[in-house]
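Shown below: start.txt, with compact mmCIF, C-alpha atoms.
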```txt
# COMPACT_ATOMS: atom_id res chain seq x y z
CA MET A 2 -52.11 -150.34 33.61
CA LYS A 3 -49.41 -149.77 36.22
CA LYS A 4 -49.23 -152.36 38.98
CA PRO A 5 -49.92 -149.90 41.85
CA VAL A 6 -53.01 -148.60 40.01
CA PHE A 7 -54.16 -152.15 39.25
CA GLY A 8 -53.56 -153.14 42.89
CA MET A 9 -55.42 -150.08 44.13
CA LEU A 10 -58.47 -150.76 41.95
CA LEU A 11 -58.58 -154.45 42.82
CA GLY A 12 -57.99 -153.72 46.52
CA GLY A 13 -60.79 -151.13 46.47
CA VAL A 14 -63.30 -153.48 44.83
CA LEU A 15 -62.42 -156.34 47.18
CA GLY A 16 -62.57 -153.86 50.07
CA ILE A 17 -66.21 -153.10 49.20
CA PHE A 18 -67.08 -156.81 49.30
CA ASP A 19 -64.97 -157.16 52.42
CA GLY A 20 -67.04 -154.48 54.16
CA LEU A 21 -70.35 -155.88 52.93
CA SER A 22 -69.45 -159.35 54.17
CA ALA A 23 -69.72 -157.97 57.71
CA LEU A 24 -73.49 -158.20 57.25
CA VAL A 25 -73.09 -161.97 57.23
CA SER A 26 -70.16 -162.51 59.59
CA ALA A 27 -71.30 -159.96 62.21
CA PRO A 28 -74.98 -159.06 61.59
CA GLU A 29 -75.05 -156.84 64.67
CA THR A 30 -72.86 -154.34 62.78
CA ALA A 31 -75.62 -153.67 60.20
CA PRO A 32 -76.52 -150.18 61.49
CA GLY A 33 -72.95 -149.00 60.86
CA ILE A 34 -72.42 -150.86 57.56
CA VAL A 35 -71.86 -147.69 55.49
CA GLY A 36 -68.94 -146.68 57.67
CA ILE A 37 -67.58 -150.23 57.60
CA VAL A 38 -67.74 -150.40 53.80
CA ILE A 39 -66.06 -147.00 53.44
CA GLY A 40 -63.39 -148.00 55.94
CA SER A 41 -62.66 -151.36 54.34
CA THR A 42 -62.62 -149.79 50.87
CA ILE A 43 -60.00 -147.27 51.98
CA LYS A 44 -58.09 -150.09 53.64
CA GLY A 45 -58.25 -152.05 50.37
CA LEU A 46 -57.07 -149.05 48.36
CA ILE A 47 -54.08 -148.46 50.62
CA ALA A 48 -53.18 -152.16 50.70
CA GLY A 49 -53.54 -152.36 46.90
CA VAL A 50 -51.17 -149.45 46.26
CA ALA A 51 -48.58 -150.85 48.68
CA ILE A 52 -48.80 -154.37 47.24
CA GLY A 53 -48.71 -153.04 43.67
CA TRP A 54 -45.65 -150.94 44.47
CA PHE A 55 -43.97 -154.03 45.96
CA ALA A 56 -44.83 -156.04 42.82
CA ARG A 57 -43.05 -153.44 40.67
CA LYS A 58 -39.93 -153.71 42.84
CA VAL A 59 -39.87 -157.45 43.48
CA ASN A 60 -40.74 -159.89 40.73
CA SER A 61 -41.55 -162.98 42.80
CA LEU A 62 -44.92 -164.68 43.14
CA PRO A 63 -44.28 -166.27 46.58
CA LEU A 64 -42.87 -163.02 48.00
CA GLY A 65 -45.71 -161.04 46.43
CA ILE A 66 -48.32 -163.28 48.04
CA LEU A 67 -46.47 -163.20 51.36
CA PHE A 68 -46.14 -159.42 51.30
CA GLY A 69 -49.78 -158.98 50.24
CA THR A 70 -51.02 -161.26 53.04
CA ALA A 71 -48.84 -159.46 55.57
CA VAL A 72 -50.02 -156.00 54.49
CA GLY A 73 -53.66 -157.14 54.51
CA LEU A 74 -53.24 -158.62 57.98
CA PHE A 75 -51.41 -155.57 59.31
CA LEU A 76 -53.95 -153.02 58.07
CA ALA A 77 -56.83 -155.16 59.34
CA PHE A 78 -55.09 -155.46 62.71
CA LEU A 79 -54.77 -151.66 62.86
CA VAL A 80 -58.51 -151.29 62.21
CA SER A 81 -59.36 -153.85 64.91
CA TYR A 82 -56.94 -152.21 67.36
CA MET A 83 -58.43 -148.76 66.69
CA GLN A 84 -61.92 -150.18 67.33
CA LYS A 85 -60.75 -151.64 70.61
CA ALA A 86 -59.07 -148.34 71.57
CA ALA A 87 -62.36 -146.57 70.85
CA GLY A 88 -64.10 -148.89 73.32
CA GLN A 89 -65.85 -151.01 70.67
CA PRO A 90 -65.63 -154.81 70.29
CA PRO A 91 -62.42 -155.44 68.32
CA TYR A 92 -63.66 -158.22 65.94
CA TYR A 93 -60.07 -159.38 65.39
CA MET A 94 -60.92 -162.57 63.52
CA GLU A 95 -63.83 -161.08 61.55
CA ILE A 96 -61.64 -158.26 60.23
CA MET A 97 -58.17 -159.75 60.01
CA ILE A 98 -58.98 -162.96 58.15
CA PRO A 99 -60.86 -161.24 55.29
CA GLY A 100 -58.18 -158.53 55.22
CA ALA A 101 -55.52 -161.21 54.81
CA ILE A 102 -57.52 -162.84 51.99
CA VAL A 103 -57.77 -159.49 50.20
CA GLY A 104 -54.01 -158.99 50.57
CA LEU A 105 -53.29 -162.51 49.34
CA ILE A 106 -55.44 -162.08 46.22
CA VAL A 107 -54.06 -158.63 45.42
CA GLY A 108 -50.52 -159.95 45.98
CA TYR A 109 -51.11 -162.78 43.52
CA ALA A 110 -52.86 -160.56 40.96
CA THR A 111 -50.26 -157.76 40.97
CA GLN A 112 -47.45 -160.27 40.42
CA ARG A 113 -49.31 -161.84 37.51
CA HIS A 114 -50.43 -158.53 36.05
CA THR A 115 -48.49 -157.33 33.02
CA GLU A 116 -48.06 -153.60 32.63
CA ALA A 117 -48.95 -152.38 29.14
CA ARG A 118 -45.96 -150.93 27.33
CA ALA A 119 -46.11 -147.57 25.64
CA GLN A 120 -46.83 -147.99 21.93
CA THR A 121 -44.21 -146.80 19.53
CA ALA A 122 -44.94 -145.46 16.09
CA MET B 26 -12.57 -191.30 -14.60
CA LYS B 27 -15.27 -191.31 -11.95
CA PRO B 28 -18.72 -190.56 -13.40
CA LEU B 29 -20.69 -187.63 -11.98
CA SER B 30 -23.61 -188.50 -9.77
CA ASP B 31 -27.17 -187.68 -10.83
CA ALA B 32 -27.35 -185.04 -8.12
CA ALA B 33 -24.16 -183.40 -9.37
CA ILE B 34 -25.44 -183.40 -12.95
CA ALA B 35 -28.76 -181.93 -11.83
CA HIS B 36 -26.88 -179.24 -9.90
CA LEU B 37 -24.74 -178.40 -12.94
CA ALA B 38 -27.83 -178.25 -15.15
CA ARG B 39 -29.46 -175.84 -12.74
CA ALA B 40 -26.29 -173.76 -12.40
CA THR B 41 -26.02 -173.28 -16.15
CA ASP B 42 -29.50 -171.76 -16.06
CA TRP B 43 -28.41 -169.35 -13.37
CA PRO B 44 -27.74 -165.75 -14.36
CA ASP B 45 -24.20 -164.61 -15.07
CA LEU B 46 -23.43 -162.29 -12.16
CA SER B 47 -19.76 -161.84 -13.11
CA GLY B 48 -20.16 -158.11 -13.62
CA THR B 49 -21.51 -157.65 -10.09
CA ARG B 50 -20.15 -158.17 -6.59
CA TYR B 51 -22.61 -161.01 -5.98
CA THR B 52 -22.31 -164.78 -6.36
CA ALA B 53 -25.44 -166.91 -6.58
CA LEU B 54 -25.41 -169.74 -4.01
CA GLU B 55 -28.84 -171.30 -4.12
CA GLU B 56 -32.15 -170.81 -5.88
CA LEU B 57 -34.75 -169.89 -3.28
CA GLY B 58 -37.80 -169.70 -5.50
CA GLN B 59 -39.43 -168.44 -8.65
CA GLY B 60 -42.15 -165.85 -9.00
CA GLY B 61 -44.23 -164.75 -11.95
CA MET B 62 -41.42 -162.74 -13.51
CA GLY B 63 -38.27 -163.33 -11.51
CA THR B 64 -36.14 -165.85 -9.69
CA VAL B 65 -34.82 -165.28 -6.19
CA PHE B 66 -31.37 -166.55 -5.24
CA ARG B 67 -29.49 -166.70 -2.00
CA ALA B 68 -26.30 -164.89 -2.94
CA ARG B 69 -23.05 -163.75 -1.38
CA ASP B 70 -22.08 -160.10 -1.34
CA ALA B 71 -18.27 -160.15 -1.85
CA LEU B 72 -17.82 -156.55 -0.75
CA LEU B 73 -19.59 -156.76 2.59
CA GLY B 74 -19.10 -160.48 3.14
CA ARG B 75 -22.73 -161.25 3.87
CA GLU B 76 -25.52 -163.29 2.36
CA VAL B 77 -28.32 -161.51 0.57
CA ALA B 78 -31.37 -162.34 -1.52
CA LEU B 79 -30.97 -161.48 -5.20
CA LYS B 80 -34.01 -161.25 -7.44
CA VAL B 81 -33.36 -161.32 -11.16
CA LEU B 82 -35.60 -161.36 -14.19
CA ARG B 83 -36.13 -165.00 -15.14
CA SER B 84 -35.17 -164.68 -18.77
CA ALA B 85 -33.31 -162.18 -20.91
CA ASP B 86 -36.14 -162.59 -23.44
CA ALA B 87 -38.81 -161.60 -20.93
CA PRO B 88 -41.24 -158.88 -22.01
CA ARG B 89 -40.13 -155.32 -21.38
CA ASP B 90 -43.10 -154.99 -19.06
CA PHE B 91 -41.57 -157.58 -16.71
CA ALA B 92 -38.28 -155.70 -16.52
CA GLU B 93 -40.10 -152.47 -15.75
CA ARG B 94 -42.14 -154.21 -13.09
CA LEU B 95 -39.03 -155.65 -11.44
CA GLU B 96 -37.34 -152.26 -11.47
CA ARG B 97 -40.46 -150.66 -10.11
CA GLU B 98 -40.70 -153.27 -7.36
CA ALA B 99 -37.17 -152.38 -6.28
CA GLY B 100 -38.08 -148.69 -6.35
CA VAL B 101 -41.24 -149.21 -4.30
CA LEU B 102 -39.46 -151.40 -1.74
CA ALA B 103 -36.62 -148.91 -1.39
CA ARG B 104 -39.07 -146.16 -0.54
CA LEU B 105 -41.16 -148.15 1.92
CA GLU B 106 -38.85 -148.36 4.90
CA HIS B 107 -40.82 -150.37 7.43
CA PRO B 108 -40.03 -153.36 9.70
CA GLY B 109 -42.65 -155.34 7.79
CA ILE B 110 -41.07 -154.75 4.38
CA VAL B 111 -37.80 -156.31 3.26
CA PRO B 112 -35.20 -153.56 2.66
CA VAL B 113 -33.53 -153.24 -0.74
CA HIS B 114 -29.73 -152.79 -0.80
CA ASP B 115 -28.79 -152.57 -4.47
CA ARG B 116 -30.09 -152.83 -8.03
CA GLY B 117 -28.75 -153.03 -11.56
CA VAL B 118 -28.87 -154.67 -14.97
CA LEU B 119 -26.87 -157.76 -16.03
CA ALA B 120 -24.76 -157.94 -19.17
CA ASP B 121 -27.58 -159.85 -20.89
CA GLY B 122 -30.01 -157.04 -20.10
CA ARG B 123 -31.79 -158.70 -17.20
CA ALA B 124 -32.79 -156.37 -14.37
CA TRP B 125 -31.95 -157.43 -10.81
CA TYR B 126 -32.04 -156.12 -7.30
CA VAL B 127 -30.64 -157.22 -3.99
CA MET B 128 -32.51 -157.26 -0.70
CA LYS B 129 -31.96 -158.44 2.83
CA LEU B 130 -31.96 -162.23 3.12
CA VAL B 131 -34.78 -163.02 5.52
CA ARG B 132 -34.50 -166.30 7.34
CA GLY B 133 -37.84 -167.60 8.51
CA ARG B 134 -40.81 -169.54 7.30
CA ARG B 135 -43.70 -168.96 4.97
CA LEU B 136 -47.12 -168.45 6.44
CA ASP B 137 -48.32 -171.96 5.63
CA ALA B 138 -45.38 -173.46 7.54
CA TRP B 139 -46.05 -171.10 10.45
CA LEU B 140 -49.71 -172.10 10.49
CA GLY B 141 -48.55 -175.71 10.71
CA GLU B 142 -47.16 -174.88 14.16
CA LYS B 143 -50.77 -174.41 15.35
CA PRO B 144 -50.52 -170.81 16.57
CA SER B 145 -53.21 -169.56 18.96
CA LEU B 146 -56.07 -167.30 17.87
CA ARG B 147 -54.26 -164.38 19.52
CA GLU B 148 -51.08 -165.10 17.53
CA ARG B 149 -53.01 -165.45 14.27
CA LEU B 150 -54.81 -162.18 14.83
CA ASP B 151 -51.54 -160.49 15.80
CA LEU B 152 -50.12 -161.60 12.47
CA VAL B 153 -53.11 -160.39 10.43
CA ARG B 154 -53.01 -157.06 12.27
CA ARG B 155 -49.30 -156.62 11.67
CA VAL B 156 -49.73 -157.40 7.98
CA ALA B 157 -52.54 -154.83 7.86
CA GLU B 158 -50.38 -152.24 9.65
CA THR B 159 -47.57 -152.80 7.13
CA VAL B 160 -49.96 -152.49 4.20
CA GLY B 161 -51.50 -149.43 5.90
CA PHE B 162 -48.03 -147.87 6.00
CA ALA B 163 -47.76 -148.40 2.23
CA HIS B 164 -51.27 -147.00 1.72
CA ALA B 165 -50.33 -143.84 3.58
CA ARG B 166 -47.59 -143.42 0.97
CA GLY B 167 -49.86 -144.03 -1.98
CA VAL B 168 -48.80 -147.63 -2.67
CA VAL B 169 -51.25 -150.52 -3.11
CA HIS B 170 -49.85 -154.07 -2.91
CA ARG B 171 -52.51 -155.77 -5.10
CA ASP B 172 -51.45 -159.35 -4.36
CA LEU B 173 -52.01 -160.01 -0.67
CA LYS B 174 -52.20 -163.75 0.02
CA PRO B 175 -50.66 -166.26 2.45
CA ALA B 176 -47.84 -167.11 0.02
CA ASN B 177 -46.66 -163.49 0.17
CA ILE B 178 -46.32 -163.38 3.93
CA MET B 179 -43.33 -164.57 5.86
CA VAL B 180 -42.57 -164.90 9.56
CA GLY B 181 -38.92 -164.16 10.27
CA GLU B 182 -36.72 -165.99 12.75
CA PHE B 183 -37.16 -163.17 15.28
CA GLY B 184 -40.96 -163.22 14.93
CA GLU B 185 -41.06 -160.32 12.48
CA VAL B 186 -43.93 -160.40 9.98
CA LEU B 187 -42.96 -159.48 6.43
CA VAL B 188 -45.12 -158.66 3.45
CA LEU B 189 -43.33 -159.89 0.32
CA ASP B 190 -43.65 -159.61 -3.44
CA TRP B 191 -44.48 -156.02 -4.24
CA GLY B 192 -44.12 -156.80 -7.96
CA LEU B 193 -47.77 -155.96 -8.65
CA ALA B 194 -47.75 -152.85 -6.43
CA LYS B 195 -49.51 -149.82 -7.79
CA ILE B 196 -48.89 -146.17 -7.08
CA VAL B 197 -52.40 -144.85 -6.57
CA SER B 198 -51.68 -141.22 -5.91
CA ALA B 199 -48.70 -139.19 -7.01
CA SER B 200 -49.93 -136.40 -4.76
CA GLN B 201 -49.34 -138.48 -1.64
CA ARG B 202 -45.70 -137.73 -1.12
CA LEU B 203 -43.27 -140.16 0.35
CA ILE B 204 -41.81 -138.87 3.57
CA VAL B 205 -38.16 -138.01 3.12
CA SER B 206 -36.09 -136.15 5.66
CA GLU B 207 -34.45 -132.91 4.61
CA SER B 208 -31.02 -134.44 4.98
CA GLN B 209 -31.96 -137.08 2.42
CA GLY B 210 -33.15 -134.51 -0.09
CA VAL B 211 -36.46 -134.01 -1.84
CA PRO B 212 -38.19 -137.02 -3.38
CA ASP B 213 -38.36 -137.08 -7.14
CA ASN B 214 -41.97 -136.35 -8.00
CA ARG B 215 -41.42 -137.17 -11.66
CA ASP B 216 -40.55 -140.78 -10.79
CA ASP B 217 -43.78 -141.20 -8.85
CA GLU B 218 -45.82 -139.68 -11.64
CA THR B 219 -44.14 -141.89 -14.23
CA MET B 220 -44.77 -144.98 -12.13
CA ARG B 221 -48.40 -144.02 -11.58
CA ARG B 222 -48.96 -143.47 -15.31
CA ARG B 223 -47.38 -146.83 -16.09
CA ASP B 224 -49.82 -148.41 -13.65
CA ASP B 225 -52.73 -146.74 -15.39
CA GLU B 226 -51.53 -147.54 -18.87
CA THR B 227 -50.31 -151.08 -18.38
CA GLY B 228 -52.66 -153.74 -17.32
CA HIS B 229 -56.01 -152.09 -18.05
CA GLY B 230 -58.21 -155.08 -18.75
CA THR B 231 -55.45 -157.38 -17.52
CA VAL B 232 -56.22 -159.52 -14.47
CA LEU B 233 -53.44 -159.25 -11.90
CA GLY B 234 -53.66 -161.03 -8.55
CA THR B 235 -54.54 -164.40 -7.03
CA PRO B 236 -58.02 -165.99 -7.18
CA GLY B 237 -59.65 -166.10 -3.77
CA PHE B 238 -57.79 -163.01 -2.64
CA MET B 239 -58.63 -160.74 -5.58
CA ALA B 240 -61.20 -158.01 -5.15
CA PRO B 241 -64.03 -157.90 -7.73
CA GLU B 242 -62.52 -154.83 -9.42
CA GLN B 243 -59.27 -156.80 -9.86
CA GLN B 244 -61.12 -159.78 -11.28
CA ARG B 245 -62.71 -157.48 -13.84
CA GLY B 246 -59.28 -156.10 -14.69
CA ASP B 247 -60.58 -152.62 -13.94
CA VAL B 248 -57.29 -150.94 -13.00
CA SER B 249 -58.89 -147.51 -12.57
CA GLN B 250 -60.97 -148.90 -9.68
CA VAL B 251 -57.98 -150.38 -7.88
CA ASP B 252 -57.03 -148.47 -4.74
CA GLN B 253 -56.37 -149.06 -1.02
CA ARG B 254 -59.72 -150.84 -0.68
CA THR B 255 -58.50 -153.50 -3.09
CA ASP B 256 -55.87 -154.48 -0.50
CA VAL B 257 -58.52 -154.29 2.23
CA TYR B 258 -60.37 -157.03 0.33
CA GLY B 259 -57.19 -159.14 0.31
CA LEU B 260 -56.75 -158.60 4.05
CA GLY B 261 -60.34 -159.72 4.69
CA ALA B 262 -59.75 -162.86 2.62
CA LEU B 263 -56.49 -163.42 4.52
CA LEU B 264 -58.34 -163.13 7.84
CA ARG B 265 -60.86 -165.73 6.67
CA ALA B 266 -58.08 -168.04 5.48
CA MET B 267 -56.20 -167.81 8.77
CA VAL B 268 -58.96 -167.98 11.37
CA ALA B 269 -61.74 -170.52 11.04
CA PRO B 270 -64.35 -170.42 12.34
CA LEU B 271 -64.38 -166.67 12.88
CA PRO B 272 -66.04 -165.25 16.00
CA LYS B 273 -69.15 -163.20 15.13
CA ALA B 274 -67.47 -159.81 15.50
CA LEU B 275 -64.53 -160.89 13.34
CA GLU B 276 -66.88 -162.37 10.75
CA SER B 277 -68.40 -158.88 10.48
CA VAL B 278 -64.90 -157.42 10.08
CA ALA B 279 -64.11 -159.91 7.30
CA SER B 280 -67.49 -159.31 5.63
CA ARG B 281 -67.00 -155.56 5.62
CA ALA B 282 -63.45 -155.94 4.26
CA THR B 283 -64.58 -158.27 1.46
CA ALA B 284 -67.74 -156.38 0.48
CA ALA B 285 -68.29 -156.56 -3.29
CA ASP B 286 -69.00 -152.84 -3.31
CA ARG B 287 -65.68 -151.24 -2.44
CA ALA B 288 -67.47 -148.19 -1.03
CA LEU B 289 -68.70 -150.43 1.83
CA ARG B 290 -65.20 -151.65 2.74
CA TYR B 291 -62.79 -150.11 5.21
CA PRO B 292 -61.19 -147.06 3.58
CA ASP B 293 -57.68 -148.45 4.10
CA ALA B 294 -55.67 -151.18 5.79
CA THR B 295 -55.03 -149.07 8.90
CA SER B 296 -58.78 -148.90 9.67
CA PHE B 297 -58.98 -152.67 9.21
CA ALA B 298 -56.01 -153.16 11.56
CA GLU B 299 -57.65 -150.88 14.11
CA ASP B 300 -60.81 -153.03 14.19
CA ILE B 301 -58.69 -156.16 14.71
CA ARG B 302 -56.91 -154.42 17.58
CA MET B 303 -60.26 -153.38 19.08
CA PHE B 304 -61.41 -157.00 18.98
CA GLN B 305 -58.19 -158.16 20.63
CA ASP B 306 -58.56 -155.55 23.38
CA GLY B 307 -62.15 -156.62 24.07
CA ASP B 308 -63.60 -153.39 22.63
CA PRO B 309 -66.55 -153.29 20.21
CA VAL B 310 -65.50 -153.34 16.54
CA THR B 311 -66.92 -150.74 14.14
CA ALA B 312 -68.08 -153.40 11.67
CA HIS B 313 -70.41 -155.20 14.07
CA ASN B 314 -73.60 -154.19 15.89
CA GLU B 315 -73.55 -156.40 18.96
CA GLY B 316 -76.60 -157.54 20.91
CA THR B 317 -77.02 -157.35 24.68
CA PHE B 318 -75.76 -160.87 25.36
CA GLU B 319 -72.84 -160.41 23.00
CA ARG B 320 -71.91 -157.21 24.81
CA LEU B 321 -72.17 -158.96 28.17
CA GLU B 322 -70.05 -161.85 26.90
CA ARG B 323 -67.44 -159.42 25.57
CA ILE B 324 -67.29 -157.45 28.84
CA VAL B 325 -67.00 -160.62 30.93
CA GLY B 326 -64.26 -161.82 28.58
CA ARG B 327 -62.43 -158.52 28.84
CA TYR B 328 -62.56 -158.38 32.67
CA ARG B 329 -62.26 -162.13 33.15
CA THR B 330 -59.35 -161.93 35.59
CA PRO B 331 -60.76 -159.31 38.01
CA ILE B 332 -64.16 -161.05 37.97
CA LEU B 333 -62.49 -164.36 38.73
CA LEU B 334 -60.50 -162.81 41.58
CA VAL B 335 -63.61 -161.30 43.17
CA LEU B 336 -65.35 -164.70 42.90
CA VAL B 337 -62.35 -166.36 44.55
CA TYR B 338 -62.53 -163.82 47.35
CA LEU B 339 -66.25 -164.39 47.84
CA LEU B 340 -65.74 -168.15 47.89
CA LEU B 341 -62.98 -167.95 50.48
CA ARG B 342 -65.01 -165.50 52.55
CA ALA B 343 -68.06 -167.77 52.42
CA LEU B 344 -65.97 -170.77 53.46
CA PHE B 345 -64.53 -168.80 56.36
CA ILE B 346 -67.98 -167.69 57.55
CA ILE B 347 -69.39 -171.23 57.26
CA PHE B 348 -66.53 -172.83 59.20
CA SER B 349 -66.28 -170.09 61.84
CA ASP B 350 -69.99 -170.58 62.66
CA ARG B 351 -69.45 -174.27 63.46
```

Take the structure in this file and express it as structure tokens.
Amino acid sequence: MKKPVFGMLLGGVLGIFDGLSALVSAPETAPGIVGIVIGSTIKGLIAGVAIGWFARKVNSLPLGILFGTAVGLFLAFLVSYMQKAAGQPPYYMEIMIPGAIVGLIVGYATQRHTEARAQTA
Amino acid sequence: MKPLSDAAIAHLARATDWPDLSGTRYTALEELGQGGMGTVFRARDALLGREVALKVLRSADAPRDFAERLEREAGVLARLEHPGIVPVHDRGVLADGRAWYVMKLVRGRRLDAWLGEKPSLRERLDLVRRVAETVGFAHARGVVHRDLKPANIMVGEFGEVLVLDWGLAKIVSASQRLIVSESQGVPDNRDDETMRRRDDETGHGTVLGTPGFMAPEQQRGDVSQVDQRTDVYGLGALLRAMVAPLPKALESVASRATAADRALRYPDATSFAEDIRMFQDGDPVTAHNEGTFERLERIVGRYRTPILLVLVYLLLRALFIIFSDR
């Protein structure tokens, strides 16, 4: 499996859990949980592709983790900022910390992941 | 005069037993081993300036059958061009009538020495699968090895896996043509047919093979029943010899391969290799009906890394929530 695809899948799955965890970290968001899960899944997918692409270009575990954390933080910041711009509570910490964890894990996993080679006859 | 040492005398005694290669471009350097009918030497090719392995009939008085078998082995090897089969470079007959052929000198270690290095389960299965793929290649060309066992497998210095000693090989079907490119000409069908007939005529009632790795039809000396499934039996026995204890799914693979009734075995070595690959990839093998827990265990094993990563995420998230509430 190609690293961007692997990153995207992993980012998407972690994004689902990321969204669901809002039920615990911010229970007052429960009525809008479907939108939160969809949003964090998309965020995870985008982060996963970007981190996977980086892992294909740069073969370095520390840089991969750093880049993944940065991408996760940045995308989560954008979500929080958009919430604030829309007049909603921004939840900076509740969104950015889990987003950074997702980025960190995807960064680690995409660097460790080995792409399967095409089989030759 | 200084007396010769015991080692020098022993060397001279051995050298006098060596074949006279004066009519060839090869010089024997060292005896590498002896098989049922021939002796293998490390030799020097004077023309190309390289070392080769030279196999020669052990004795000029050997039965005609042995000479034919050695010549046939060279013919079979020459036709089976595969990374898992040692390539043949040259062949001929010595002045004393002994047949010989020259092949690539493979530097590596025998399977038993390799097993002494304590390879992992993955490495052992890789080796069995690669042996099966090599034998499957021969099967696709109508050739059955008939003597698969650890002693006939070698691991080269670059990690290549080689299936050796095709001296008992049998041509099972003259209709299965060897693939030859147009530029190399058309294969000689008469040779195949002759070799196949020799296989049918010679050895009926004769037991050829190695106990423990011989299929029941081989033990009975029933040559007419020998086909690709005979090698499948040898591969199953090889799997058992190399991996102990076998996981349940692999035990089913080995049991199917070594079924007494050859109709119940895998049809050829390629199907056997495919089931090994399925096991390695975490897929269900065709030889085993798995239960619910086995399936769950297999799926968890297959997706171990993603599952672990999600658990790590959940743990970190839980820690964050716990500490942020304080």

Chain A contacts on chain B, only C-alpha atoms, 10 Å, as a VMD selection string: chain B and resid 330 to 332 334 to 339 341 to 343 345 to 347 349 to 350

Would you be able to write out as a list in words which residues have an atom within 12 Å of (-16.8, -153.1, -1.2) in the file's coordinates, counting all atoms listed in the file?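 So the residues meeting the distance criterion are Thr49, Arg50, Tyr51, Asp70, Ala71, Leu72, Leu73, Gly74 and Arg75 of chain B.
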
Atoms kept (C-alpha atoms) for selection, written as a compact mmCIF listing (two decimals), in the frame of the given file:
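Contents of again12.txt, freshly written:
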```
# COMPACT_ATOMS: atom_id res chain seq x y z
CA THR B 49 -21.51 -157.65 -10.09
CA ARG B 50 -20.15 -158.17 -6.59
CA TYR B 51 -22.61 -161.01 -5.98
CA ASP B 70 -22.08 -160.10 -1.34
CA ALA B 71 -18.27 -160.15 -1.85
CA LEU B 72 -17.82 -156.55 -0.75
CA LEU B 73 -19.59 -156.76 2.59
CA GLY B 74 -19.10 -160.48 3.14
CA ARG B 75 -22.73 -161.25 3.87
```

Could you tell me, as a compact mmCIF listing (two decimals) with C-alpha atoms, in the frame of the given file, which residues have any atom at most 8 Å from (-25.5, -164.4, -17.6), counting all atoms listed in the file?
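Final output, selection24.txt:
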```
# COMPACT_ATOMS: atom_id res chain seq x y z
CA TRP B 43 -28.41 -169.35 -13.37
CA PRO B 44 -27.74 -165.75 -14.36
CA ASP B 45 -24.20 -164.61 -15.07
CA LEU B 46 -23.43 -162.29 -12.16
CA SER B 47 -19.76 -161.84 -13.11
CA LEU B 119 -26.87 -157.76 -16.03
CA ALA B 120 -24.76 -157.94 -19.17
CA ASP B 121 -27.58 -159.85 -20.89
```

Calculate how many Å separate atom CA of B:Ala294 from atom CA of B:Gly60, rounding to one decimal.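 Computing the Euclidean distance for atom CA of B:Ala294 and atom CA of B:Gly60 yields 24.8 Å.
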
Show me, as an mmCIF file with C-alpha atoms, in the coordinates of the input, the residues that have an atom within 10 Å of A:Gly69 when counting all atoms listed in the file, minus same-chain residues fewer than 2 positions from it.
```
data_model
loop_
_atom_site.group_PDB
_atom_site.id
_atom_site.type_symbol
_atom_site.label_atom_id
_atom_site.label_comp_id
_atom_site.auth_asym_id
_atom_site.auth_seq_id
_atom_site.Cartn_x
_atom_site.Cartn_y
_atom_site.Cartn_z
ATOM 1 C CA ALA A 48 -53.180 -152.160 50.700
ATOM 2 C CA GLY A 49 -53.540 -152.360 46.900
ATOM 3 C CA ALA A 51 -48.580 -150.850 48.680
ATOM 4 C CA ILE A 52 -48.800 -154.370 47.240
ATOM 5 C CA GLY A 53 -48.710 -153.040 43.670
ATOM 6 C CA PHE A 55 -43.970 -154.030 45.960
ATOM 7 C CA ALA A 56 -44.830 -156.040 42.820
ATOM 8 C CA PRO A 63 -44.280 -166.270 46.580
ATOM 9 C CA LEU A 64 -42.870 -163.020 48.000
ATOM 10 C CA GLY A 65 -45.710 -161.040 46.430
ATOM 11 C CA ILE A 66 -48.320 -163.280 48.040
ATOM 12 C CA LEU A 67 -46.470 -163.200 51.360
ATOM 13 C CA ALA A 71 -48.840 -159.460 55.570
ATOM 14 C CA VAL A 72 -50.020 -156.000 54.490
ATOM 15 C CA GLY A 73 -53.660 -157.140 54.510
ATOM 16 C CA LEU A 74 -53.240 -158.620 57.980
ATOM 17 C CA PHE A 75 -51.410 -155.570 59.310
ATOM 18 C CA GLY A 100 -58.180 -158.530 55.220
ATOM 19 C CA ALA A 101 -55.520 -161.210 54.810
ATOM 20 C CA ILE A 102 -57.520 -162.840 51.990
ATOM 21 C CA VAL A 103 -57.770 -159.490 50.200
ATOM 22 C CA GLY A 104 -54.010 -158.990 50.570
ATOM 23 C CA LEU A 105 -53.290 -162.510 49.340
ATOM 24 C CA ILE A 106 -55.440 -162.080 46.220
ATOM 25 C CA VAL A 107 -54.060 -158.630 45.420
ATOM 26 C CA GLY A 108 -50.520 -159.950 45.980
ATOM 27 C CA TYR A 109 -51.110 -162.780 43.520
ATOM 28 C CA ALA A 110 -52.860 -160.560 40.960
ATOM 29 C CA THR A 111 -50.260 -157.760 40.970
#
```

Using only C-alpha atoms, which residue out of A:Thr30, A:Ile47, A:Pro5, A:Leu21 lies closest to A:Pro91?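 Of A:Thr30, A:Ile47, A:Pro5, A:Leu21, the one nearest A:Pro91 is A:Thr30, counting only C-alpha atoms.
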
Interatomic distance (Å, one decimal) between atom CA of B:Gly48 and atom CA of B:Gly117: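 Going from atom CA of B:Gly48 over to atom CA of B:Gly117, I get 10.2 Å.
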
Record the distance separating atom CA of B:Ala78 and atom CA of B:Ser30, expressed in Å with one decimal.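 Atom-to-atom, atom CA of B:Ala78 and atom CA of B:Ser30 are spaced 28.5 Å apart.
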
Neighbouring residues of A:Leu79 were defined as those with any atom within 10 Å, considering all atoms listed in the file; residues of the same chain fewer than 4 positions away were excluded. Please report them as a list in words.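 Once the adjacent positions are removed, what remains is Lys44, Leu74, Phe75, Met83, Gln84, Lys85, Tyr93, Ile96 and Met97 of chain A.
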